[in-house]
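coords.txt follows; it contains compact mmCIF, N, CA and C atoms.
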# COMPACT_ATOMS: atom_id res chain seq x y z
N MET R 1 57.76 -14.26 -11.10
CA MET R 1 57.15 -15.35 -10.37
C MET R 1 55.63 -15.19 -10.37
N TYR R 2 55.12 -14.13 -9.76
CA TYR R 2 53.68 -13.87 -9.77
C TYR R 2 53.40 -12.71 -10.72
N LYS R 3 52.31 -12.83 -11.47
CA LYS R 3 51.97 -11.82 -12.47
C LYS R 3 50.74 -11.00 -12.09
N HIS R 4 49.85 -11.60 -11.29
CA HIS R 4 48.60 -10.92 -10.94
C HIS R 4 48.19 -11.33 -9.53
N ILE R 5 48.16 -10.36 -8.63
CA ILE R 5 47.87 -10.61 -7.22
C ILE R 5 46.50 -10.06 -6.85
N LEU R 6 45.72 -10.88 -6.17
CA LEU R 6 44.41 -10.46 -5.68
C LEU R 6 44.52 -10.18 -4.19
N VAL R 7 43.97 -9.05 -3.76
CA VAL R 7 43.94 -8.74 -2.33
C VAL R 7 42.51 -8.38 -1.93
N PRO R 8 41.85 -9.27 -1.17
CA PRO R 8 40.52 -8.97 -0.65
C PRO R 8 40.63 -7.99 0.51
N THR R 9 39.66 -7.11 0.63
CA THR R 9 39.66 -6.16 1.74
C THR R 9 38.25 -6.02 2.29
N ASP R 10 38.19 -5.79 3.60
CA ASP R 10 36.92 -5.48 4.24
C ASP R 10 36.98 -4.08 4.87
N GLY R 11 38.08 -3.39 4.60
CA GLY R 11 38.23 -2.04 5.12
C GLY R 11 38.83 -1.99 6.52
N SER R 12 39.18 -3.12 7.10
CA SER R 12 39.71 -3.15 8.46
C SER R 12 41.20 -2.82 8.48
N LYS R 13 41.70 -2.54 9.69
CA LYS R 13 43.14 -2.28 9.85
C LYS R 13 43.95 -3.52 9.49
N LEU R 14 43.40 -4.68 9.81
CA LEU R 14 44.10 -5.92 9.50
C LEU R 14 44.23 -6.12 7.99
N SER R 15 43.18 -5.80 7.26
CA SER R 15 43.29 -5.96 5.80
C SER R 15 44.23 -4.92 5.20
N ALA R 16 44.43 -3.80 5.89
CA ALA R 16 45.38 -2.79 5.42
C ALA R 16 46.80 -3.36 5.39
N LYS R 17 47.11 -4.24 6.33
CA LYS R 17 48.42 -4.88 6.35
C LYS R 17 48.58 -5.80 5.13
N ALA R 18 47.53 -6.52 4.80
CA ALA R 18 47.56 -7.39 3.62
C ALA R 18 47.69 -6.56 2.35
N ILE R 19 47.04 -5.41 2.31
CA ILE R 19 47.13 -4.52 1.14
C ILE R 19 48.56 -4.03 0.96
N ARG R 20 49.20 -3.60 2.04
CA ARG R 20 50.60 -3.15 1.96
C ARG R 20 51.50 -4.28 1.46
N THR R 21 51.31 -5.46 2.02
CA THR R 21 52.11 -6.62 1.62
C THR R 21 51.89 -6.94 0.14
N ALA R 22 50.64 -6.94 -0.29
CA ALA R 22 50.33 -7.25 -1.69
C ALA R 22 50.94 -6.22 -2.64
N ALA R 23 50.88 -4.95 -2.27
CA ALA R 23 51.46 -3.90 -3.12
C ALA R 23 52.97 -4.04 -3.21
N ARG R 24 53.61 -4.35 -2.10
CA ARG R 24 55.07 -4.54 -2.11
C ARG R 24 55.47 -5.75 -2.96
N LEU R 25 54.72 -6.83 -2.82
CA LEU R 25 54.99 -8.01 -3.63
C LEU R 25 54.79 -7.72 -5.11
N ALA R 26 53.72 -7.01 -5.43
CA ALA R 26 53.44 -6.66 -6.82
C ALA R 26 54.58 -5.84 -7.40
N LYS R 27 55.10 -4.91 -6.63
CA LYS R 27 56.23 -4.09 -7.09
C LYS R 27 57.47 -4.96 -7.30
N THR R 28 57.75 -5.82 -6.35
CA THR R 28 58.91 -6.69 -6.42
C THR R 28 58.87 -7.61 -7.64
N PHE R 29 57.69 -8.17 -7.91
CA PHE R 29 57.56 -9.13 -9.01
C PHE R 29 57.14 -8.49 -10.34
N GLY R 30 56.87 -7.19 -10.32
CA GLY R 30 56.38 -6.54 -11.54
C GLY R 30 54.98 -7.02 -11.90
N ALA R 31 54.20 -7.34 -10.88
CA ALA R 31 52.85 -7.87 -11.08
C ALA R 31 51.81 -6.76 -11.01
N LYS R 32 50.63 -7.06 -11.51
CA LYS R 32 49.52 -6.13 -11.32
C LYS R 32 48.72 -6.57 -10.11
N LEU R 33 47.94 -5.64 -9.58
CA LEU R 33 47.20 -5.86 -8.34
C LEU R 33 45.72 -5.65 -8.58
N THR R 34 44.91 -6.51 -8.02
CA THR R 34 43.46 -6.33 -8.06
C THR R 34 42.94 -6.40 -6.64
N GLY R 35 42.15 -5.40 -6.26
CA GLY R 35 41.51 -5.38 -4.95
C GLY R 35 40.07 -5.82 -5.10
N VAL R 36 39.57 -6.60 -4.16
CA VAL R 36 38.17 -7.03 -4.21
C VAL R 36 37.50 -6.80 -2.86
N PHE R 37 36.27 -6.32 -2.94
CA PHE R 37 35.42 -6.12 -1.76
C PHE R 37 34.17 -6.95 -2.00
N VAL R 38 33.88 -7.87 -1.09
CA VAL R 38 32.73 -8.76 -1.26
C VAL R 38 31.62 -8.34 -0.31
N THR R 39 30.44 -8.12 -0.89
CA THR R 39 29.28 -7.76 -0.08
C THR R 39 28.24 -8.88 -0.15
N PRO R 40 27.51 -9.06 0.92
CA PRO R 40 26.42 -10.04 0.87
C PRO R 40 25.28 -9.48 0.03
N PRO R 41 24.48 -10.33 -0.57
CA PRO R 41 23.33 -9.84 -1.32
C PRO R 41 22.28 -9.28 -0.35
N TYR R 42 21.43 -8.41 -0.85
CA TYR R 42 20.36 -7.85 -0.03
C TYR R 42 19.37 -8.95 0.33
N VAL R 43 19.04 -9.02 1.60
CA VAL R 43 18.03 -9.95 2.08
C VAL R 43 16.95 -9.12 2.77
N PRO R 44 15.72 -9.20 2.26
CA PRO R 44 14.65 -8.42 2.88
C PRO R 44 14.50 -8.79 4.35
N PRO R 45 14.28 -7.78 5.20
CA PRO R 45 14.13 -8.08 6.63
C PRO R 45 12.85 -8.88 6.90
N VAL R 46 12.94 -9.73 7.91
CA VAL R 46 11.78 -10.49 8.34
C VAL R 46 11.18 -9.72 9.51
N TYR R 47 9.97 -9.28 9.31
CA TYR R 47 9.33 -8.47 10.34
C TYR R 47 8.54 -9.35 11.30
N GLY R 48 8.52 -8.91 12.51
CA GLY R 48 7.77 -9.59 13.56
C GLY R 48 7.54 -8.57 14.65
N GLU R 49 7.63 -9.00 15.86
CA GLU R 49 7.43 -8.11 16.99
C GLU R 49 8.50 -7.04 17.08
N ALA R 50 9.67 -7.29 16.53
CA ALA R 50 10.79 -6.34 16.64
C ALA R 50 10.71 -5.22 15.61
N VAL R 51 9.68 -5.19 14.80
CA VAL R 51 9.59 -4.20 13.73
C VAL R 51 9.69 -2.77 14.24
N ILE R 52 9.20 -2.50 15.43
CA ILE R 52 9.27 -1.14 15.95
C ILE R 52 10.68 -0.75 16.39
N TYR R 53 11.54 -1.72 16.59
CA TYR R 53 12.90 -1.46 17.03
C TYR R 53 13.92 -1.42 15.88
N VAL R 54 13.56 -1.96 14.75
CA VAL R 54 14.49 -2.09 13.63
C VAL R 54 14.11 -1.12 12.52
N PRO R 55 15.01 -0.19 12.18
CA PRO R 55 14.70 0.71 11.08
C PRO R 55 14.65 -0.05 9.75
N ALA R 56 13.79 0.39 8.86
CA ALA R 56 13.63 -0.29 7.57
C ALA R 56 14.90 -0.17 6.73
N MET R 57 15.27 -1.26 6.09
CA MET R 57 16.43 -1.27 5.20
C MET R 57 15.90 -1.63 3.81
N THR R 58 15.83 -0.65 2.98
CA THR R 58 15.35 -0.88 1.62
C THR R 58 16.50 -1.38 0.75
N PRO R 59 16.19 -2.04 -0.36
CA PRO R 59 17.26 -2.47 -1.26
C PRO R 59 18.12 -1.29 -1.72
N ARG R 60 17.49 -0.16 -1.97
CA ARG R 60 18.23 1.03 -2.41
C ARG R 60 19.19 1.52 -1.33
N ARG R 61 18.72 1.57 -0.09
CA ARG R 61 19.55 2.01 1.04
C ARG R 61 20.69 1.03 1.27
N PHE R 62 20.39 -0.26 1.18
CA PHE R 62 21.42 -1.29 1.34
C PHE R 62 22.50 -1.10 0.29
N LYS R 63 22.09 -0.87 -0.95
CA LYS R 63 23.05 -0.68 -2.04
C LYS R 63 23.92 0.55 -1.81
N GLU R 64 23.32 1.65 -1.35
CA GLU R 64 24.07 2.87 -1.07
C GLU R 64 25.13 2.63 0.01
N ILE R 65 24.73 1.96 1.07
CA ILE R 65 25.64 1.71 2.19
C ILE R 65 26.80 0.81 1.76
N THR R 66 26.48 -0.29 1.07
CA THR R 66 27.54 -1.21 0.68
C THR R 66 28.46 -0.61 -0.37
N GLU R 67 27.91 0.20 -1.28
CA GLU R 67 28.76 0.86 -2.28
C GLU R 67 29.70 1.85 -1.61
N ARG R 68 29.22 2.56 -0.61
CA ARG R 68 30.06 3.51 0.12
C ARG R 68 31.19 2.78 0.86
N GLU R 69 30.85 1.69 1.53
CA GLU R 69 31.87 0.89 2.23
C GLU R 69 32.89 0.32 1.26
N ALA R 70 32.41 -0.19 0.14
CA ALA R 70 33.31 -0.77 -0.86
C ALA R 70 34.25 0.28 -1.42
N LYS R 71 33.71 1.44 -1.74
CA LYS R 71 34.53 2.52 -2.31
C LYS R 71 35.62 2.94 -1.33
N LYS R 72 35.26 3.07 -0.07
CA LYS R 72 36.23 3.46 0.95
C LYS R 72 37.32 2.40 1.11
N ALA R 73 36.92 1.14 1.20
CA ALA R 73 37.89 0.05 1.39
C ALA R 73 38.78 -0.11 0.17
N LEU R 74 38.21 -0.02 -1.02
CA LEU R 74 38.99 -0.21 -2.25
C LEU R 74 39.89 0.99 -2.56
N SER R 75 39.52 2.16 -2.05
CA SER R 75 40.39 3.33 -2.26
C SER R 75 41.73 3.14 -1.55
N ALA R 76 41.72 2.38 -0.46
CA ALA R 76 42.98 2.08 0.25
C ALA R 76 43.88 1.20 -0.61
N VAL R 77 43.29 0.28 -1.36
CA VAL R 77 44.06 -0.58 -2.26
C VAL R 77 44.66 0.28 -3.38
N GLU R 78 43.84 1.15 -3.95
CA GLU R 78 44.31 2.03 -5.03
C GLU R 78 45.44 2.94 -4.56
N ALA R 79 45.29 3.51 -3.37
CA ALA R 79 46.30 4.42 -2.83
C ALA R 79 47.62 3.69 -2.58
N GLU R 80 47.55 2.51 -2.02
CA GLU R 80 48.77 1.73 -1.73
C GLU R 80 49.45 1.31 -3.03
N ALA R 81 48.65 0.92 -4.02
CA ALA R 81 49.22 0.52 -5.31
C ALA R 81 49.87 1.72 -6.00
N GLN R 82 49.23 2.86 -5.94
CA GLN R 82 49.79 4.07 -6.54
C GLN R 82 51.09 4.45 -5.85
N SER R 83 51.10 4.34 -4.54
CA SER R 83 52.31 4.65 -3.77
C SER R 83 53.47 3.72 -4.15
N ALA R 84 53.13 2.45 -4.42
CA ALA R 84 54.15 1.47 -4.78
C ALA R 84 54.48 1.52 -6.28
N GLY R 85 53.67 2.25 -7.04
CA GLY R 85 53.90 2.33 -8.48
C GLY R 85 53.49 1.08 -9.23
N VAL R 86 52.38 0.47 -8.80
CA VAL R 86 51.91 -0.76 -9.43
C VAL R 86 50.56 -0.54 -10.10
N ALA R 87 50.33 -1.24 -11.20
CA ALA R 87 49.04 -1.20 -11.88
C ALA R 87 47.99 -1.85 -10.99
N CYS R 88 46.84 -1.20 -10.89
CA CYS R 88 45.82 -1.70 -9.96
C CYS R 88 44.42 -1.49 -10.52
N LYS R 89 43.59 -2.48 -10.30
CA LYS R 89 42.16 -2.38 -10.59
C LYS R 89 41.44 -2.86 -9.34
N THR R 90 40.21 -2.39 -9.19
CA THR R 90 39.41 -2.84 -8.05
C THR R 90 38.04 -3.29 -8.53
N VAL R 91 37.44 -4.16 -7.75
CA VAL R 91 36.13 -4.67 -8.09
C VAL R 91 35.34 -4.92 -6.80
N SER R 92 34.07 -4.61 -6.85
CA SER R 92 33.17 -4.91 -5.74
C SER R 92 32.16 -5.93 -6.26
N ILE R 93 32.03 -7.03 -5.56
CA ILE R 93 31.11 -8.07 -6.00
C ILE R 93 30.17 -8.46 -4.88
N SER R 94 29.11 -9.14 -5.24
CA SER R 94 28.14 -9.64 -4.28
C SER R 94 28.22 -11.16 -4.27
N SER R 95 28.25 -11.74 -3.08
CA SER R 95 28.30 -13.19 -2.94
C SER R 95 27.72 -13.58 -1.60
N ASP R 96 27.02 -14.70 -1.58
CA ASP R 96 26.46 -15.21 -0.32
C ASP R 96 27.56 -15.48 0.69
N GLN R 97 28.68 -15.99 0.22
CA GLN R 97 29.81 -16.30 1.07
C GLN R 97 31.03 -15.52 0.57
N ALA R 98 31.67 -14.78 1.45
CA ALA R 98 32.83 -13.97 1.04
C ALA R 98 33.93 -14.83 0.42
N TRP R 99 34.22 -15.98 1.01
CA TRP R 99 35.29 -16.82 0.50
C TRP R 99 35.02 -17.29 -0.92
N GLU R 100 33.76 -17.57 -1.23
CA GLU R 100 33.41 -17.98 -2.59
C GLU R 100 33.62 -16.83 -3.57
N GLY R 101 33.23 -15.63 -3.16
CA GLY R 101 33.43 -14.46 -4.00
C GLY R 101 34.90 -14.17 -4.26
N ILE R 102 35.72 -14.37 -3.24
CA ILE R 102 37.17 -14.15 -3.38
C ILE R 102 37.76 -15.14 -4.38
N ILE R 103 37.42 -16.40 -4.23
CA ILE R 103 37.94 -17.42 -5.14
C ILE R 103 37.43 -17.21 -6.55
N ARG R 104 36.16 -16.92 -6.69
CA ARG R 104 35.57 -16.69 -8.02
C ARG R 104 36.25 -15.50 -8.71
N THR R 105 36.53 -14.45 -7.96
CA THR R 105 37.21 -13.28 -8.52
C THR R 105 38.63 -13.63 -8.94
N ALA R 106 39.34 -14.34 -8.07
CA ALA R 106 40.72 -14.74 -8.39
C ALA R 106 40.76 -15.58 -9.67
N GLN R 107 39.81 -16.48 -9.83
CA GLN R 107 39.77 -17.32 -11.02
C GLN R 107 39.40 -16.52 -12.26
N SER R 108 38.40 -15.66 -12.14
CA SER R 108 37.94 -14.90 -13.32
C SER R 108 38.95 -13.86 -13.77
N LYS R 109 39.77 -13.39 -12.86
CA LYS R 109 40.78 -12.38 -13.20
C LYS R 109 42.15 -13.01 -13.48
N ASP R 110 42.21 -14.33 -13.48
CA ASP R 110 43.46 -15.06 -13.71
C ASP R 110 44.57 -14.66 -12.74
N CYS R 111 44.21 -14.53 -11.47
CA CYS R 111 45.20 -14.20 -10.44
C CYS R 111 46.00 -15.45 -10.10
N ASP R 112 47.28 -15.27 -9.83
CA ASP R 112 48.11 -16.41 -9.48
C ASP R 112 48.58 -16.36 -8.03
N LEU R 113 48.07 -15.39 -7.26
CA LEU R 113 48.35 -15.31 -5.83
C LEU R 113 47.24 -14.51 -5.16
N ILE R 114 46.81 -14.98 -4.00
CA ILE R 114 45.85 -14.25 -3.17
C ILE R 114 46.58 -13.87 -1.90
N VAL R 115 46.56 -12.58 -1.56
CA VAL R 115 47.16 -12.10 -0.32
C VAL R 115 46.02 -11.60 0.55
N MET R 116 45.85 -12.23 1.71
CA MET R 116 44.74 -11.81 2.57
C MET R 116 45.10 -11.86 4.04
N ALA R 117 44.31 -11.16 4.82
CA ALA R 117 44.53 -11.07 6.26
C ALA R 117 43.82 -12.20 6.98
N SER R 118 44.27 -12.46 8.19
CA SER R 118 43.62 -13.43 9.06
C SER R 118 43.64 -12.89 10.48
N HIS R 119 42.52 -13.06 11.16
CA HIS R 119 42.46 -12.63 12.56
C HIS R 119 43.18 -13.62 13.47
N GLY R 120 43.44 -14.80 12.97
CA GLY R 120 44.16 -15.80 13.76
C GLY R 120 43.34 -16.39 14.88
N ARG R 121 42.02 -16.43 14.70
CA ARG R 121 41.18 -17.03 15.74
C ARG R 121 41.41 -18.53 15.78
N ARG R 122 41.48 -19.05 16.98
CA ARG R 122 41.69 -20.48 17.16
C ARG R 122 40.66 -21.02 18.14
N GLY R 123 40.66 -22.29 18.27
CA GLY R 123 39.81 -22.93 19.26
C GLY R 123 38.34 -22.72 18.98
N LEU R 124 37.57 -22.55 20.05
CA LEU R 124 36.13 -22.44 19.94
C LEU R 124 35.70 -21.20 19.16
N SER R 125 36.36 -20.06 19.39
CA SER R 125 35.97 -18.85 18.66
C SER R 125 36.22 -19.01 17.17
N GLY R 126 37.30 -19.68 16.81
CA GLY R 126 37.58 -19.93 15.40
C GLY R 126 36.55 -20.87 14.79
N LEU R 127 36.13 -21.86 15.57
CA LEU R 127 35.14 -22.83 15.11
C LEU R 127 33.77 -22.17 14.95
N LEU R 128 33.38 -21.36 15.92
CA LEU R 128 32.07 -20.73 15.88
C LEU R 128 32.00 -19.60 14.85
N LEU R 129 33.02 -18.76 14.82
CA LEU R 129 33.00 -17.62 13.91
C LEU R 129 33.42 -18.01 12.50
N GLY R 130 34.13 -19.09 12.38
CA GLY R 130 34.62 -19.50 11.07
C GLY R 130 35.71 -18.56 10.62
N SER R 131 36.28 -18.83 9.50
CA SER R 131 37.33 -17.98 8.98
C SER R 131 37.25 -17.98 7.47
N GLU R 132 37.06 -16.80 6.91
CA GLU R 132 37.04 -16.68 5.46
C GLU R 132 38.38 -17.11 4.89
N THR R 133 39.46 -16.77 5.59
CA THR R 133 40.80 -17.13 5.14
C THR R 133 40.96 -18.65 5.09
N THR R 134 40.52 -19.32 6.14
CA THR R 134 40.61 -20.78 6.17
C THR R 134 39.80 -21.40 5.04
N LYS R 135 38.63 -20.85 4.78
CA LYS R 135 37.79 -21.39 3.71
C LYS R 135 38.43 -21.16 2.34
N VAL R 136 39.05 -20.00 2.15
CA VAL R 136 39.76 -19.76 0.89
C VAL R 136 40.90 -20.76 0.75
N LEU R 137 41.67 -20.93 1.82
CA LEU R 137 42.80 -21.87 1.80
C LEU R 137 42.37 -23.29 1.44
N THR R 138 41.24 -23.72 1.96
CA THR R 138 40.82 -25.10 1.75
C THR R 138 40.05 -25.33 0.45
N HIS R 139 39.60 -24.26 -0.21
CA HIS R 139 38.78 -24.43 -1.41
C HIS R 139 39.43 -23.94 -2.70
N THR R 140 40.66 -23.46 -2.66
CA THR R 140 41.30 -22.99 -3.88
C THR R 140 42.64 -23.68 -4.09
N LYS R 141 43.03 -23.74 -5.35
CA LYS R 141 44.34 -24.27 -5.68
C LYS R 141 45.32 -23.14 -5.96
N ILE R 142 44.82 -21.91 -5.92
CA ILE R 142 45.67 -20.72 -6.10
C ILE R 142 46.45 -20.50 -4.81
N PRO R 143 47.75 -20.23 -4.88
CA PRO R 143 48.52 -19.97 -3.66
C PRO R 143 47.93 -18.78 -2.87
N VAL R 144 47.97 -18.91 -1.55
CA VAL R 144 47.44 -17.88 -0.66
C VAL R 144 48.52 -17.49 0.34
N LEU R 145 48.79 -16.19 0.43
CA LEU R 145 49.72 -15.67 1.43
C LEU R 145 48.86 -15.04 2.52
N VAL R 146 49.00 -15.52 3.76
CA VAL R 146 48.19 -15.03 4.87
C VAL R 146 49.02 -14.06 5.71
N CYS R 147 48.46 -12.87 5.95
CA CYS R 147 49.11 -11.84 6.76
C CYS R 147 48.39 -11.72 8.09
N ARG R 148 49.19 -11.59 9.14
CA ARG R 148 48.60 -11.37 10.48
C ARG R 148 49.13 -10.09 11.04
Rewrite the structure from the file as structure tokens, please.
Amino acid sequence: MYKHILVPTDGSKLSAKAIRTAARLAKTFGAKLTGVFVTPPYVPPVYGEAVIYVPAMTPRRFKEITEREAKKALSAVEAEAQSAGVACKTVSISSDQAWEGIIRTAQSKDCDLIVMASHGRRGLSGLLLGSETTKVLTHTKIPVLVCR
């Protein structure tokens, strides 16, 4: 049924549930698994009166931090895939919007299913905070399995 499953991760406990689900599905369908970690691009800080309170974030330091976070989050995908006995690759990308990066990765890797977590925010908090999952659902034609 599915041949290539994409699982986005942010390293949270909630995304760990989506990773487990994606690995199990990949095993069941004989599919391969791709994990993706989306980071925002570096934006130079705007200095003003708060400069004495905010430590400097250089592009190099930003890259080190995001690479470390990505490696940690994607290692969970690799470990779960190995445990399930599924072929797995991981990728870390940069995108202004996480949902756009997820969809772009799914399209470029020819994924036929996206498995992702959702915090299940509703009402005002959902409206104000937005939802990457909702944006993926509304902007892609690739099937999406949402885990809570």
Show me, as a PyMOL selection string, the residues that have an atom within 6 Å of Pro40 in chain R when counting all atoms listed in the file, minus same-chain residues fewer than 6 positions from it. chain R and resi 94-96
Just asking: which residues within chain R are strand (DSSP E or B) according to DSSP, as a PyMOL selection string? chain R and resi 4-8+32-39+88-94+113-117+144-147
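The interatomic distance for the pair CA of Ala23 in chain R and CA of Cys147 in chain R works out to 12.9 Å.
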Can I get the residues of range 64-112 of chain R within 8 Å of range 140-143 of chain R, each with the closest pair of atoms and their distance in Å to one decimal, using all atoms listed in the file, sorted chain first then ascending number, as a Markdown table?
| residue | atom | partner | partner_atom | distance |
| --- | --- | --- | --- | --- |
| R:Ile103 | CA | R:Thr140 | CA | 6.6 |
| R:Ala106 | C | R:Ile142 | CA | 8.0 |
| R:Cys111 | C | R:Ile142 | CA | 6.6 |
| R:Asp112 | C | R:Pro143 | N | 5.1 |
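Distances to Leu25 in chain R were evaluated for R:Glu100, R:Asp10, R:Glu132, R:Glu80 using only C-alpha atoms, and the minimum falls at R:Glu80.
A straight line drawn from CA of Glu69 in chain R to CA of Leu113 in chain R is 24.5 Å long.
The nearest approach to Thr39 in chain R among the residues R:Gln82, R:Thr138, R:Thr105, R:Gln97, with only C-alpha atoms taken into account, belongs to R:Gln97.
Comparing R:Ala18, R:Val115, R:Leu145, R:Ala31 by their smallest distance to Gly85 in chain R, the closest is R:Ala31 (using only C-alpha atoms).
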If you run DSSP over the backbone, which residues in chain R end up alpha helix (DSSP H)? Put them as JSON, numbers by chain. {"R": [13, 14, 15, 16, 17, 18, 19, 20, 21, 22, 23, 24, 25, 26, 27, 28, 29, 59, 60, 61, 62, 63, 64, 65, 66, 67, 68, 69, 70, 71, 72, 73, 74, 75, 76, 77, 78, 79, 80, 81, 82, 83, 84, 98, 99, 100, 101, 102, 103, 104, 105, 106, 107, 108, 123, 124, 125, 126, 127, 128, 129, 132, 133, 134, 135, 136, 137, 138, 139]}
Could you please determine the separation between atom N of Pro8 in chain R and atom C of Met116 in chain R in Å, to one decimal place? 6.7 Å
Let me make sure I understand: among R:Arg104, R:His4, R:Arg61, R:His119, which one has the smallest atom-to-atom distance to Leu33 in chain R if we use all atoms listed in the file? R:His4
Residue neighbourhood Pro59 in chain R, 8 Å, only N, CA and C atoms, exclusion window fewer than 5 positions, as a PDB file with N, CA and C atoms, keeping the file's coordinate frame:
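Writing done, so here's part-v1.pdb:
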ATOM      1  N   TYR R  42      21.430  -8.410  -0.850  1.00  0.00           N
ATOM      2  CA  TYR R  42      20.360  -7.850  -0.030  1.00  0.00           C
ATOM      3  C   TYR R  42      19.370  -8.950   0.330  1.00  0.00           C
ATOM      4  N   VAL R  43      19.040  -9.020   1.600  1.00  0.00           N
ATOM      5  CA  VAL R  43      18.030  -9.950   2.080  1.00  0.00           C
ATOM      6  C   VAL R  43      16.950  -9.120   2.770  1.00  0.00           C
ATOM      7  N   PRO R  44      15.720  -9.200   2.260  1.00  0.00           N
ATOM      8  CA  PRO R  44      14.650  -8.420   2.880  1.00  0.00           C
ATOM      9  C   PRO R  44      14.500  -8.790   4.350  1.00  0.00           C
ATOM     10  N   GLU R  64      23.320   1.650  -1.350  1.00  0.00           N
ATOM     11  CA  GLU R  64      24.070   2.870  -1.070  1.00  0.00           C
ATOM     12  C   GLU R  64      25.130   2.630   0.010  1.00  0.00           C
ATOM     13  N   ILE R  65      24.730   1.960   1.070  1.00  0.00           N
ATOM     14  CA  ILE R  65      25.640   1.710   2.190  1.00  0.00           C
ATOM     15  C   ILE R  65      26.800   0.810   1.760  1.00  0.00           C
TER      16      ILE R  65
END
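Comparing R:Lys71, R:Lys109, R:His139, R:Arg20 by their smallest distance to Phe37 in chain R, the closest is R:Lys71 (using only N, CA and C atoms).
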Return the single residue from R:Ala81, R:Val146, R:Ala87, R:Ile114 that is closest to Gly30 in chain R, with distances computed using all atoms listed in the file. R:Ala87
